[in-house]
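Asker: structure-v1.cif (mmCIF, C-alpha atoms (C1' of nucleotides)) pasted underneath:
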data_input
loop_
_atom_site.label_atom_id
_atom_site.label_comp_id
_atom_site.auth_asym_id
_atom_site.auth_seq_id
_atom_site.Cartn_x
_atom_site.Cartn_y
_atom_site.Cartn_z
CA MET G 851 113.16 117.52 109.81
CA PHE G 852 110.70 116.88 107.00
CA ILE G 853 109.03 119.84 105.33
CA GLY G 854 107.13 120.46 102.14
CA GLU G 855 104.24 119.00 100.17
CA TYR G 856 104.48 116.68 97.15
CA GLU G 857 101.84 115.01 95.03
CA HIS G 858 102.67 111.58 93.58
CA SER G 859 100.59 108.85 92.10
CA LEU G 860 99.79 105.38 93.35
CA ASP G 861 100.10 102.82 90.57
CA GLU G 862 98.08 99.65 89.96
CA LYS G 863 100.52 97.62 92.02
CA LYS G 864 99.99 99.95 94.98
CA ARG G 865 103.48 101.38 94.66
CA ILE G 866 104.29 105.02 95.18
CA SER G 867 107.58 106.84 95.07
CA LEU G 868 108.73 108.76 98.08
CA PRO G 869 109.64 112.36 97.39
CA LYS G 870 113.34 112.51 96.71
CA SER G 871 113.93 114.99 99.50
CA PHE G 872 112.50 112.63 102.15
CA ARG G 873 114.41 109.51 101.14
CA GLN G 874 117.63 110.15 102.96
CA GLY G 875 115.85 111.01 106.19
CA LEU G 876 113.67 107.91 106.04
CA GLY G 877 116.25 105.30 105.07
CA LYS G 878 115.80 101.99 103.28
CA LYS G 879 113.20 100.59 105.65
CA VAL G 880 110.33 102.67 106.93
CA VAL G 881 107.41 102.03 109.24
CA MET G 882 103.96 103.27 108.32
CA THR G 883 101.12 103.55 110.80
CA ARG G 884 97.55 104.69 110.90
CA GLY G 885 97.60 108.37 111.74
CA LEU G 886 94.98 110.87 112.78
CA ASP G 887 92.46 112.54 110.47
CA ASN G 888 92.61 109.54 108.13
CA CYS G 889 96.15 109.92 106.98
CA LEU G 890 99.14 107.62 107.38
CA PHE G 891 102.32 108.41 109.28
CA VAL G 892 105.69 107.33 107.91
CA TYR G 893 108.63 106.98 110.27
CA SER G 894 112.24 106.08 109.82
CA ARG G 895 113.17 102.87 111.62
CA SER G 896 114.93 104.70 114.40
CA ALA G 897 112.01 107.08 114.99
CA TRP G 898 109.65 104.11 115.08
CA GLU G 899 111.70 102.26 117.67
CA LYS G 900 111.14 105.08 120.10
CA VAL G 901 107.39 104.79 119.65
CA ALA G 902 107.49 101.00 119.93
CA ALA G 903 109.50 101.04 123.13
CA LYS G 904 106.84 103.12 124.83
CA LEU G 905 104.03 100.91 123.64
CA GLN G 906 105.67 97.77 124.97
CA GLN G 907 105.32 99.08 128.48
CA LEU G 908 101.55 98.93 128.29
CA SER G 909 99.72 95.93 129.76
CA PHE G 910 97.13 93.88 127.88
CA ALA G 911 94.96 93.63 130.95
CA GLN G 912 92.91 96.76 130.27
CA ALA G 913 90.49 96.91 127.38
CA ASP G 914 91.43 100.43 126.34
CA THR G 915 95.16 99.87 126.22
CA ARG G 916 94.53 96.67 124.27
CA GLY G 917 92.54 98.69 121.79
CA PHE G 918 95.21 101.32 121.73
CA ASN G 919 97.95 98.80 121.04
CA ARG G 920 95.92 97.17 118.32
CA PHE G 921 95.17 100.47 116.67
CA ILE G 922 98.79 101.45 116.46
CA LEU G 923 100.55 98.12 116.03
CA SER G 924 98.23 96.07 113.87
CA GLY G 925 97.73 99.17 111.78
CA ALA G 926 101.45 99.51 111.22
CA ALA G 927 103.70 97.92 108.64
CA GLU G 928 107.41 97.77 108.03
CA VAL G 929 107.98 98.55 104.39
CA ASP G 930 111.07 98.31 102.20
CA VAL G 931 112.00 101.10 99.85
CA ASP G 932 112.73 99.65 96.39
CA GLY G 933 115.55 100.57 94.04
CA ALA G 934 113.54 103.37 92.48
CA GLY G 935 112.70 104.92 95.86
CA ARG G 936 109.18 103.53 96.00
CA ILE G 937 107.22 101.88 98.78
CA LEU G 938 104.33 99.45 98.65
CA ILE G 939 101.21 100.51 100.53
CA PRO G 940 99.49 97.57 102.30
CA ASP G 941 95.83 97.04 101.46
CA HIS G 942 94.46 97.82 104.88
CA GLN G 943 96.34 101.11 105.04
CA LYS G 944 95.28 102.10 101.55
CA GLU G 945 91.72 101.52 102.61
CA PHE G 946 92.08 103.29 105.95
CA ALA G 947 93.46 106.44 104.37
CA GLY G 948 91.05 106.25 101.44
CA LEU G 949 93.94 106.50 98.98
CA ARG G 950 93.05 106.65 95.30
CA LYS G 951 95.38 107.54 92.48
CA ASN G 952 96.54 110.95 93.61
CA VAL G 953 98.37 111.00 96.89
CA VAL G 954 100.02 113.80 98.84
CA PHE G 955 103.15 113.47 100.97
CA ALA G 956 103.46 116.15 103.61
CA GLY G 957 106.52 116.67 105.74
CA VAL G 958 105.55 117.40 109.35
CA SER G 959 108.67 117.73 111.49
CA ASP G 960 109.77 114.21 112.51
CA ARG G 961 107.26 112.31 110.37
CA VAL G 962 105.94 112.24 106.85
CA GLU G 963 102.19 112.11 106.35
CA VAL G 964 100.41 110.39 103.46
CA TRP G 965 97.05 111.73 102.35
CA ASP G 966 94.59 111.09 99.60
CA ALA G 967 94.90 114.23 97.46
CA THR G 968 91.22 115.10 97.62
CA ARG G 969 91.04 114.77 101.38
CA TRP G 970 94.23 116.75 101.73
CA ASN G 971 92.90 119.63 99.67
CA THR G 972 89.71 119.77 101.68
CA TYR G 973 91.65 119.66 104.92
CA LYS G 974 94.15 122.22 103.74
CA ALA G 975 91.44 124.63 102.67
CA ARG G 976 90.01 124.41 106.14
CA ILE G 977 93.24 125.04 108.00
CA GLU G 978 94.25 127.84 105.67
CA LYS G 979 90.94 129.53 106.33
CA ASN G 980 91.35 129.12 110.06
CA ALA G 981 95.04 129.89 110.24
CA ASP G 982 94.54 133.40 111.56
CA ALA G 983 92.20 132.28 114.28
CA LEU G 984 94.51 129.41 115.22
CA ALA G 985 97.44 131.77 115.46
CA GLU G 986 95.57 133.96 117.93
CA LYS G 987 94.77 130.95 120.08
CA LEU G 988 98.35 129.77 120.06
CA GLY G 989 99.48 133.28 120.90
CA GLU G 990 97.21 133.31 123.92
CA ILE G 991 98.80 130.18 125.34
CA GLY G 992 102.26 131.54 124.62
CA ALA G 993 103.24 129.05 121.97
CA LEU G 994 104.24 131.59 119.38
CA MET N 151 107.96 92.94 117.54
CA PHE N 152 104.99 91.87 115.44
CA ILE N 153 103.12 94.52 113.51
CA GLY N 154 100.68 94.56 110.61
CA GLU N 155 97.45 92.99 109.47
CA TYR N 156 97.01 90.06 107.07
CA GLU N 157 93.96 88.16 105.86
CA HIS N 158 94.39 84.45 105.11
CA SER N 159 91.96 81.62 104.70
CA LEU N 160 91.31 78.58 106.82
CA ASP N 161 90.99 75.46 104.67
CA GLU N 162 88.78 72.40 105.15
CA LYS N 163 91.52 70.67 107.10
CA LYS N 164 91.64 73.59 109.55
CA ARG N 165 95.05 74.62 108.30
CA ILE N 166 96.06 78.23 107.83
CA SER N 167 99.32 79.76 106.71
CA LEU N 168 101.07 82.20 108.96
CA PRO N 169 101.95 85.49 107.31
CA LYS N 170 105.46 85.23 105.96
CA SER N 171 106.64 88.19 107.98
CA PHE N 172 105.65 86.57 111.29
CA ARG N 173 107.24 83.17 110.71
CA GLN N 174 110.75 83.97 111.71
CA GLY N 175 109.65 85.66 114.92
CA LEU N 176 107.38 82.78 115.88
CA GLY N 177 109.67 79.84 115.14
CA LYS N 178 108.79 76.24 114.33
CA LYS N 179 106.66 75.65 117.41
CA VAL N 180 104.16 78.19 118.64
CA VAL N 181 101.80 78.41 121.59
CA MET N 182 98.20 79.39 120.96
CA THR N 183 95.85 80.41 123.72
CA ARG N 184 92.42 81.85 124.15
CA GLY N 185 92.83 85.58 123.99
CA LEU N 186 90.78 88.55 125.05
CA ASP N 187 87.94 90.00 122.99
CA ASN N 188 87.27 86.62 121.35
CA CYS N 189 90.48 86.26 119.47
CA LEU N 190 93.37 83.83 119.83
CA PHE N 191 96.87 84.80 120.93
CA VAL N 192 99.87 83.17 119.26
CA TYR N 193 103.25 83.33 120.98
CA SER N 194 106.69 82.12 120.15
CA ARG N 195 107.92 79.59 122.70
CA SER N 196 110.18 82.12 124.36
CA ALA N 197 107.52 84.83 124.54
CA TRP N 198 105.11 82.29 125.96
CA GLU N 199 107.48 81.42 128.77
CA LYS N 200 107.49 85.02 129.86
CA VAL N 201 103.71 85.17 129.87
CA ALA N 202 103.52 81.91 131.81
CA ALA N 203 106.00 83.21 134.35
CA LYS N 204 103.90 86.30 134.93
CA LEU N 205 100.78 84.24 135.39
CA GLN N 206 102.52 82.15 138.01
CA GLN N 207 103.13 85.24 140.07
CA LEU N 208 99.43 85.82 140.43
CA SER N 209 97.99 84.64 143.68
CA PHE N 210 95.90 81.48 143.87
CA ALA N 211 94.01 82.98 146.76
CA GLN N 212 91.64 85.02 144.67
CA ALA N 213 88.89 83.36 142.74
CA ASP N 214 89.21 85.69 139.79
CA THR N 215 92.94 85.20 139.26
CA ARG N 216 92.39 81.45 139.46
CA GLY N 217 89.77 81.87 136.80
CA PHE N 218 92.06 83.96 134.65
CA ASN N 219 94.84 81.40 134.94
CA ARG N 220 92.49 78.65 133.85
CA PHE N 221 91.20 80.74 131.00
CA ILE N 222 94.67 81.27 129.60
CA LEU N 223 96.39 78.01 130.51
CA SER N 224 93.72 75.40 129.94
CA GLY N 225 92.96 76.89 126.56
CA ALA N 226 96.57 76.84 125.44
CA ALA N 227 98.08 74.45 122.93
CA GLU N 228 101.53 73.95 121.49
CA VAL N 229 101.26 73.77 117.71
CA ASP N 230 103.80 72.82 115.03
CA VAL N 231 104.36 74.91 111.94
CA ASP N 232 104.42 72.68 108.83
CA GLY N 233 106.76 72.85 105.87
CA ALA N 234 104.57 75.36 104.06
CA GLY N 235 104.43 77.68 107.06
CA ARG N 236 100.95 76.59 108.14
CA ILE N 237 99.51 75.75 111.52
CA LEU N 238 96.58 73.58 112.50
CA ILE N 239 93.95 75.30 114.60
CA PRO N 240 92.57 73.03 117.36
CA ASP N 241 88.81 72.54 117.30
CA HIS N 242 88.03 74.18 120.62
CA GLN N 243 90.03 77.27 119.68
CA LYS N 244 88.42 77.51 116.29
CA GLU N 245 85.08 77.44 118.00
CA PHE N 246 86.08 79.87 120.75
CA ALA N 247 87.22 82.51 118.26
CA GLY N 248 84.31 81.82 115.92
CA LEU N 249 86.66 81.30 113.00
CA ARG N 250 85.11 80.72 109.60
CA LYS N 251 86.88 80.81 106.27
CA ASN N 252 88.32 84.31 106.35
CA VAL N 253 90.74 84.91 109.17
CA VAL N 254 92.83 87.93 110.11
CA PHE N 255 96.28 87.83 111.67
CA ALA N 256 97.19 90.95 113.58
CA GLY N 257 100.67 91.66 114.92
CA VAL N 258 100.46 93.25 118.37
CA SER N 259 103.86 93.67 120.00
CA ASP N 260 104.99 90.31 121.43
CA ARG N 261 102.02 88.31 120.18
CA VAL N 262 100.10 87.60 117.00
CA GLU N 263 96.32 87.68 117.25
CA VAL N 264 93.97 85.52 115.21
CA TRP N 265 90.50 86.87 114.48
CA ASP N 266 87.54 85.87 112.42
CA ALA N 267 87.56 88.46 109.63
CA THR N 268 84.03 89.66 110.26
CA ARG N 269 84.58 90.15 113.97
CA TRP N 270 87.85 91.89 113.30
CA ASN N 271 86.27 94.38 110.95
CA THR N 272 83.61 95.21 113.48
CA TYR N 273 86.17 95.64 116.22
CA LYS N 274 88.47 97.67 114.01
CA ALA N 275 85.69 100.05 113.04
CA ARG N 276 85.12 100.68 116.72
CA ILE N 277 88.72 101.43 117.62
CA GLU N 278 89.20 103.61 114.57
CA LYS N 279 86.22 105.66 115.65
CA ASN N 280 87.86 106.22 119.02
CA ALA N 281 91.15 107.21 117.47
CA ASP N 282 91.00 110.77 118.80
CA ALA N 283 90.62 109.66 122.39
CA LEU N 284 93.41 107.17 121.84
CA ALA N 285 95.57 109.92 120.43
CA GLU N 286 95.24 111.92 123.63
CA LYS N 287 96.52 108.92 125.51
CA LEU N 288 99.40 108.64 123.10
CA GLY N 289 100.20 112.25 123.79
CA GLU N 290 100.22 111.55 127.53
CA ILE N 291 102.83 108.84 127.28
CA GLY N 292 104.73 110.92 124.76
CA ALA N 293 104.67 108.32 122.04
CA LEU N 294 103.64 110.55 119.18
"C1'" DT Z 124 118.69 125.05 71.49
"C1'" DT Z 125 120.66 120.70 72.36
"C1'" DC Z 126 122.37 117.28 75.22
"C1'" DA Z 127 122.88 114.87 79.56
"C1'" DT Z 128 120.94 113.79 83.91
"C1'" DT Z 129 117.48 112.53 87.14
"C1'" DA Z 130 112.96 112.01 89.39
"C1'" DG Z 131 108.79 109.83 88.73
"C1'" DT Z 132 106.11 106.24 86.39
"C1'" DG Z 133 104.78 101.92 83.99
"C1'" DG Z 134 105.18 97.18 82.72
"C1'" DG Z 135 107.17 92.43 81.86
"C1'" DA Z 136 109.42 88.32 83.68
"C1'" DA Z 137 111.00 85.71 87.51
"C1'" DA Z 138 110.35 84.34 92.09
"C1'" DA Z 139 107.80 83.46 96.09
"C1'" DA Z 140 103.68 83.19 99.00
"C1'" DG Z 141 99.35 81.23 99.73
"C1'" DT Z 142 96.18 77.56 98.75
"C1'" DG Z 143 94.17 73.06 97.55
"C1'" DG Z 144 94.25 68.24 97.17
"C1'" DG Z 145 96.03 63.46 96.82
"C1'" DA Z 146 98.56 59.61 98.89
"C1'" DA Z 147 100.82 57.61 102.76
"C1'" DA Z 148 100.88 57.01 107.62
"C1'" DT Z 149 98.66 56.89 111.99
"C1'" DC Z 150 95.02 56.15 115.15
"C1'" DA Z 151 90.70 54.43 116.79
"C1'" DT Z 152 86.94 51.28 116.69
"C1'" DA Z 153 84.66 47.20 115.86
"C1'" DT S 525 92.97 42.01 112.25
"C1'" DA S 526 90.19 44.74 109.22
"C1'" DT S 527 87.90 48.98 108.40
"C1'" DG S 528 87.17 53.72 108.46
"C1'" DA S 529 88.48 58.19 109.86
"C1'" DT S 530 91.93 61.46 110.80
"C1'" DT S 531 96.43 63.34 110.43
"C1'" DT S 532 100.74 64.13 108.08
"C1'" DC S 533 103.55 64.84 104.29
"C1'" DC S 534 104.32 66.15 99.80
"C1'" DC S 535 103.42 68.05 95.31
"C1'" DA S 536 101.19 71.28 92.15
"C1'" DC S 537 98.45 75.22 90.85
"C1'" DT S 538 97.32 80.18 91.12
"C1'" DT S 539 97.95 84.65 92.53
"C1'" DT S 540 100.77 88.06 94.32
"C1'" DT S 541 105.07 90.12 95.01
"C1'" DT S 542 109.65 91.31 93.69
"C1'" DC S 543 113.15 92.63 90.69
"C1'" DC S 544 114.68 94.73 86.80
"C1'" DC S 545 114.54 97.51 82.73
"C1'" DA S 546 112.64 101.20 79.95
"C1'" DC S 547 110.00 105.39 78.92
"C1'" DT S 548 108.81 110.28 79.75
"C1'" DA S 549 108.90 114.78 81.60
"C1'" DA S 550 111.49 118.11 83.92
"C1'" DT S 551 115.91 120.28 85.07
"C1'" DG S 552 120.16 122.29 84.22
"C1'" DA S 553 124.51 122.93 81.84
"C1'" DA S 554 127.08 123.75 77.54
#
Output the file's structure as structure tokens, nothing else.
Answerer:
Amino acid sequence: MFIGEYEHSLDEKKRISLPKSFRQGLGKKVVMTRGLDNCLFVYSRSAWEKVAAKLQQLSFAQADTRGFNRFILSGAAEVDVDGAGRILIPDHQKEFAGLRKNVVFAGVSDRVEVWDATRWNTYKARIEKNADALAEKLGEIGAL
Amino acid sequence: MFIGEYEHSLDEKKRISLPKSFRQGLGKKVVMTRGLDNCLFVYSRSAWEKVAAKLQQLSFAQADTRGFNRFILSGAAEVDVDGAGRILIPDHQKEFAGLRKNVVFAGVSDRVEVWDATRWNTYKARIEKNADALAEKLGEIGAL
DNA sequence: TTCATTAGTGGGAAAAAGTGGGAAATCATA
DNA sequence: TATGATTTCCCACTTTTTCCCACTAATGAA
């Protein structure tokens, strides 16, 4: 269970250190994928295998499942964690998530999300503002 | 399981190096076929045999499955990987996929796709735009 | 306060991946 | 058989990646 928010910086070699508290849960090899709202998702290898197994059941005959597979799989990357606890962000993912120097790691239950700090702050401001309203909605459907 | 996106360049001799991370999974001989959406599919020999077996199960009675068989099979070629990890793209496939100098390799489950970089970027922009709809689908199959 | 420890960061050197091009070998054509 | 074109093999250059070490700021204990 990953929780918490950490801001780290991406260096010129596109390396970034994982927050210490996430390292054990993620292991020495992680899989990063394109996520929603322009962030990246980071999974441990075992968590990723569950996702991958489901995707393999989809056929390539339909255009939308082809697109779906390409979005998830070609947008993913298996990444090694180096001796200092850092990972290397692939170019296409850096671009997708609009990462600049300041990057936020956010723990969200079974995955870690990677955000550009500016985008994160904008997004966070919005959800903080709407938190009360969201809570009411969730209450109505019996989630809380 | 192939994942990730890599951009390499096709040289004047129509050679192109396979991304390092795909080489082991593909082996020393690969099968390339016409793919869907104007890209090429690259399979390892063993993965290709599974695809071929599935195609053989399709009936010859219907005109469209005959056509599909021809599309895949007649456009296929077995290609050797050279000492530097490069393959030679046959002329008709180069033309089919509209490959110019910049070429993208995309790992998609059991196959590697080969795209002209420009076409890929256009296609990718489209699927990224539809990410929300795709995400709902992901939710349905319980993958995320 | 001082010292030791550790997380995060930066940079240099070695290694490897990707790329280009020449020479030998092969094939086709006259 | 001779000639030219194409293919194959090999070597070399350049850029990128990897590995390792070192610095700094923060933390906590003595």
Asker: Determine the residue set returned by the PyMOL selection byres ((chain G) within 12 of (chain N)) for the present structure, and present it as number ranges by chain.
Answerer: G: 881-889, 891-893, 897-929, 939-943, 946-947, 959-961
Asker: Considering only C-alpha atoms (C1' of nucleotides), state which residue in the set N:His158, N:Gly233, N:Gly177, N:Leu168 is at the smallest distance from chain S.
Answerer: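 Between N:His158, N:Gly233, N:Gly177, N:Leu168, the residue approaching chain S most closely is N:Gly233.
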Asker: Applied to the shown file, which residues does the PyMOL selection byres ((chain N) within 10 of (chain Z)) return, written as a PyMOL selection string?
Answerer: chain N and resi 158-162+166-170+234-236
Asker: What are the coordinates of chain N as a short mmCIF file (atom, residue, chain, number, x, y, z; two decimals) with C-alpha atoms, in the frame of the given file following a least-squares fit to chain G on all in-order C-alpha atoms?
Answerer:
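File part.cif, as written:
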data_model
loop_
_atom_site.label_atom_id
_atom_site.label_comp_id
_atom_site.auth_asym_id
_atom_site.auth_seq_id
_atom_site.Cartn_x
_atom_site.Cartn_y
_atom_site.Cartn_z
CA MET N 151 112.36 117.05 110.97
CA PHE N 152 110.02 116.52 108.03
CA ILE N 153 108.23 119.52 106.61
CA GLY N 154 106.42 120.33 103.38
CA GLU N 155 103.71 119.00 101.12
CA TYR N 156 104.14 116.97 97.92
CA GLU N 157 101.66 115.36 95.54
CA HIS N 158 102.72 112.12 93.84
CA SER N 159 100.81 109.42 92.06
CA LEU N 160 100.17 105.83 92.97
CA ASP N 161 100.69 103.54 89.98
CA GLU N 162 98.86 100.36 89.01
CA LYS N 163 101.37 98.27 90.92
CA LYS N 164 100.62 100.26 94.09
CA ARG N 165 104.04 101.85 94.01
CA ILE N 166 104.64 105.48 94.88
CA SER N 167 107.82 107.50 95.04
CA LEU N 168 108.76 109.20 98.25
CA PRO N 169 109.50 112.89 97.90
CA LYS N 170 113.21 113.30 97.37
CA SER N 171 113.57 115.53 100.39
CA PHE N 172 112.18 112.88 102.75
CA ARG N 173 114.28 109.95 101.56
CA GLN N 174 117.39 110.62 103.52
CA GLY N 175 115.47 111.12 106.75
CA LEU N 176 113.46 107.94 106.27
CA GLY N 177 116.22 105.55 105.23
CA LYS N 178 116.00 102.35 103.20
CA LYS N 179 113.41 100.66 105.40
CA VAL N 180 110.40 102.51 106.73
CA VAL N 181 107.51 101.62 109.00
CA MET N 182 104.00 102.52 107.89
CA THR N 183 101.04 102.44 110.22
CA ARG N 184 97.44 103.45 110.27
CA GLY N 185 97.37 107.05 111.32
CA LEU N 186 94.78 109.38 112.73
CA ASP N 187 92.23 111.23 110.61
CA ASN N 188 92.34 108.52 107.93
CA CYS N 189 95.88 108.99 106.80
CA LEU N 190 98.94 106.76 107.07
CA PHE N 191 102.00 107.55 109.17
CA VAL N 192 105.45 106.74 107.82
CA TYR N 193 108.38 106.56 110.23
CA SER N 194 112.05 105.91 109.88
CA ARG N 195 113.08 102.78 111.77
CA SER N 196 114.62 104.78 114.57
CA ALA N 197 111.64 107.12 114.94
CA TRP N 198 109.36 104.10 114.96
CA GLU N 199 111.23 102.54 117.84
CA LYS N 200 110.55 105.59 119.93
CA VAL N 201 106.85 105.49 119.12
CA ALA N 202 106.72 101.77 119.91
CA ALA N 203 108.46 102.35 123.21
CA LYS N 204 105.90 104.95 124.19
CA LEU N 205 103.05 102.65 123.30
CA GLN N 206 104.51 99.95 125.50
CA GLN N 207 104.29 102.25 128.47
CA LEU N 208 100.55 102.44 128.14
CA SER N 209 98.67 100.20 130.47
CA PHE N 210 97.02 97.01 129.23
CA ALA N 211 94.42 97.38 131.93
CA GLN N 212 92.25 99.83 130.06
CA ALA N 213 90.18 98.70 127.15
CA ASP N 214 90.76 101.86 125.19
CA THR N 215 94.55 101.81 125.39
CA ARG N 216 94.47 98.17 124.34
CA GLY N 217 92.39 99.25 121.40
CA PHE N 218 94.76 102.06 120.55
CA ASN N 219 97.74 99.73 120.69
CA ARG N 220 96.04 97.32 118.32
CA PHE N 221 95.06 100.13 116.01
CA ILE N 222 98.64 101.30 115.66
CA LEU N 223 100.56 98.04 115.92
CA SER N 224 98.43 95.58 114.01
CA GLY N 225 98.15 98.02 111.15
CA ALA N 226 101.88 98.57 110.91
CA ALA N 227 104.16 97.21 108.21
CA GLU N 228 107.86 97.42 107.51
CA VAL N 229 108.35 98.44 103.89
CA ASP N 230 111.47 98.57 101.70
CA VAL N 231 112.34 101.57 99.59
CA ASP N 232 113.30 100.46 96.05
CA GLY N 233 116.13 101.72 93.89
CA ALA N 234 114.02 104.53 92.46
CA GLY N 235 112.99 105.75 95.90
CA ARG N 236 109.55 104.15 95.79
CA ILE N 237 107.60 102.18 98.35
CA LEU N 238 104.85 99.63 97.94
CA ILE N 239 101.65 100.41 99.81
CA PRO N 240 100.08 97.29 101.38
CA ASP N 241 96.50 96.60 100.32
CA HIS N 242 94.88 97.04 103.71
CA GLN N 243 96.59 100.39 104.22
CA LYS N 244 95.66 101.60 100.78
CA GLU N 245 92.09 100.77 101.59
CA PHE N 246 92.20 102.25 105.09
CA ALA N 247 93.44 105.62 103.82
CA GLY N 248 91.16 105.52 100.79
CA LEU N 249 94.09 106.12 98.46
CA ARG N 250 93.32 106.56 94.78
CA LYS N 251 95.68 107.82 92.12
CA ASN N 252 96.60 111.20 93.57
CA VAL N 253 98.32 111.02 96.91
CA VAL N 254 99.77 113.71 99.16
CA PHE N 255 102.83 113.34 101.36
CA ALA N 256 102.93 115.74 104.26
CA GLY N 257 105.95 116.21 106.51
CA VAL N 258 104.86 116.59 110.13
CA SER N 259 107.79 116.69 112.54
CA ASP N 260 109.06 113.13 113.12
CA ARG N 261 106.68 111.44 110.69
CA VAL N 262 105.53 111.67 107.10
CA GLU N 263 101.80 111.42 106.49
CA VAL N 264 100.20 109.88 103.43
CA TRP N 265 96.79 111.16 102.36
CA ASP N 266 94.45 110.68 99.48
CA ALA N 267 94.67 114.02 97.67
CA THR N 268 90.96 114.73 97.82
CA ARG N 269 90.70 114.04 101.53
CA TRP N 270 93.78 116.11 102.17
CA ASN N 271 92.37 119.11 100.37
CA THR N 272 89.18 118.92 102.36
CA TYR N 273 91.08 118.61 105.61
CA LYS N 274 93.48 121.39 104.69
CA ALA N 275 90.65 123.77 103.87
CA ARG N 276 89.29 123.15 107.34
CA ILE N 277 92.52 123.80 109.21
CA GLU N 278 93.29 126.87 107.14
CA LYS N 279 89.91 128.27 108.08
CA ASN N 280 90.77 127.83 111.75
CA ALA N 281 94.14 129.47 111.35
CA ASP N 282 93.26 132.40 113.61
CA ALA N 283 92.34 130.18 116.52
CA LEU N 284 95.49 128.18 115.90
CA ALA N 285 97.50 131.37 115.90
CA GLU N 286 96.29 132.22 119.39
CA LYS N 287 97.56 128.86 120.53
CA LEU N 288 100.87 129.56 118.87
CA GLY N 289 101.03 132.80 120.77
CA GLU N 290 100.42 130.94 124.03
CA ILE N 291 103.36 128.63 123.58
CA GLY N 292 105.42 131.53 122.30
CA ALA N 293 106.24 129.93 118.98
CA LEU N 294 105.50 132.89 116.76
#
Asker: Looking at S:DT548, S:DT540, S:DT525, S:DT531, which one is nearest to chain G, with distances taken over only C-alpha atoms (C1' of nucleotides)?
Answerer: S:DT540
Asker: On this file, the PyMOL selection byres ((chain S) within 10 of (chain G)) gives some set of residues; write that set as a list in words.
Answerer: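 Answer for the PyMOL selection byres ((chain S) within 10 of (chain G)): DT540, DT541, DT542, DC543 and DC544 of chain S.
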Asker: Could you jot down the atom CA of G:Lys944 to atom CA of N:Asn271 separation for me, Å, one decimal place?
Answerer: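 For atom CA of G:Lys944 relative to atom CA of N:Asn271, the distance reads 15.1 Å.
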Asker: I'd like the interatomic distance between atom CA of G:Arg873 and atom C1' of S:DC547, to a tenth of an Å.
Answerer: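 Value for the atom CA of G:Arg873-atom C1' of S:DC547 distance: 23.0 Å.
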Asker: In Å, how far is it from atom CA of N:Trp270 to atom CA of N:Leu249?
Answerer: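 Interatomic distance here is 10.7 Å.
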Asker: Kindly provide, as AutoDock Vina command-line options, the centre and edge lengths (Å, one decimal) of an axis-aligned box around all atoms of stretch 225-233 of chain N given in the file, with 6 Å on each side.
Answerer:
--center_x 99.9 --center_y 74.8 --center_z 116.2 --size_x 25.8 --size_y 16.2 --size_z 32.7
Asker: Will you model N, CA and C atoms for stretch 214-225 of chain N and pass it back as an mmCIF file, in the frame of the given file?
Answerer:
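And here's rebuild-v9.cif as it stands now:
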data_model
loop_
_atom_site.group_PDB
_atom_site.id
_atom_site.type_symbol
_atom_site.label_atom_id
_atom_site.label_comp_id
_atom_site.auth_asym_id
_atom_site.auth_seq_id
_atom_site.Cartn_x
_atom_site.Cartn_y
_atom_site.Cartn_z
ATOM 1 N N ASP N 214 89.145 85.177 141.163
ATOM 2 C CA ASP N 214 89.210 85.690 139.790
ATOM 3 C C ASP N 214 90.562 85.454 139.143
ATOM 4 N N THR N 215 91.643 85.493 139.895
ATOM 5 C CA THR N 215 92.940 85.200 139.260
ATOM 6 C C THR N 215 93.058 83.711 138.959
ATOM 7 N N ARG N 216 92.437 82.882 139.785
ATOM 8 C CA ARG N 216 92.390 81.450 139.460
ATOM 9 C C ARG N 216 91.660 81.269 138.134
ATOM 10 N N GLY N 217 90.559 81.967 138.028
ATOM 11 C CA GLY N 217 89.770 81.870 136.800
ATOM 12 C C GLY N 217 90.561 82.337 135.592
ATOM 13 N N PHE N 218 91.294 83.413 135.765
ATOM 14 C CA PHE N 218 92.060 83.960 134.650
ATOM 15 C C PHE N 218 93.163 82.990 134.224
ATOM 16 N N ASN N 219 93.828 82.421 135.205
ATOM 17 C CA ASN N 219 94.840 81.400 134.940
ATOM 18 C C ASN N 219 94.261 80.242 134.139
ATOM 19 N N ARG N 220 93.110 79.771 134.556
ATOM 20 C CA ARG N 220 92.490 78.650 133.850
ATOM 21 C C ARG N 220 92.124 79.041 132.432
ATOM 22 N N PHE N 221 91.605 80.251 132.317
ATOM 23 C CA PHE N 221 91.200 80.740 131.000
ATOM 24 C C PHE N 221 92.379 80.700 130.032
ATOM 25 N N ILE N 222 93.497 81.207 130.476
ATOM 26 C CA ILE N 222 94.670 81.270 129.600
ATOM 27 C C ILE N 222 95.312 79.899 129.439
ATOM 28 N N LEU N 223 95.582 79.225 130.562
ATOM 29 C CA LEU N 223 96.390 78.010 130.510
ATOM 30 C C LEU N 223 95.651 76.806 129.953
ATOM 31 N N SER N 224 94.414 76.608 130.393
ATOM 32 C CA SER N 224 93.720 75.400 129.940
ATOM 33 C C SER N 224 93.366 75.521 128.463
ATOM 34 N N GLY N 225 93.287 76.732 127.974
ATOM 35 C CA GLY N 225 92.960 76.890 126.560
ATOM 36 C C GLY N 225 94.175 76.908 125.655
#
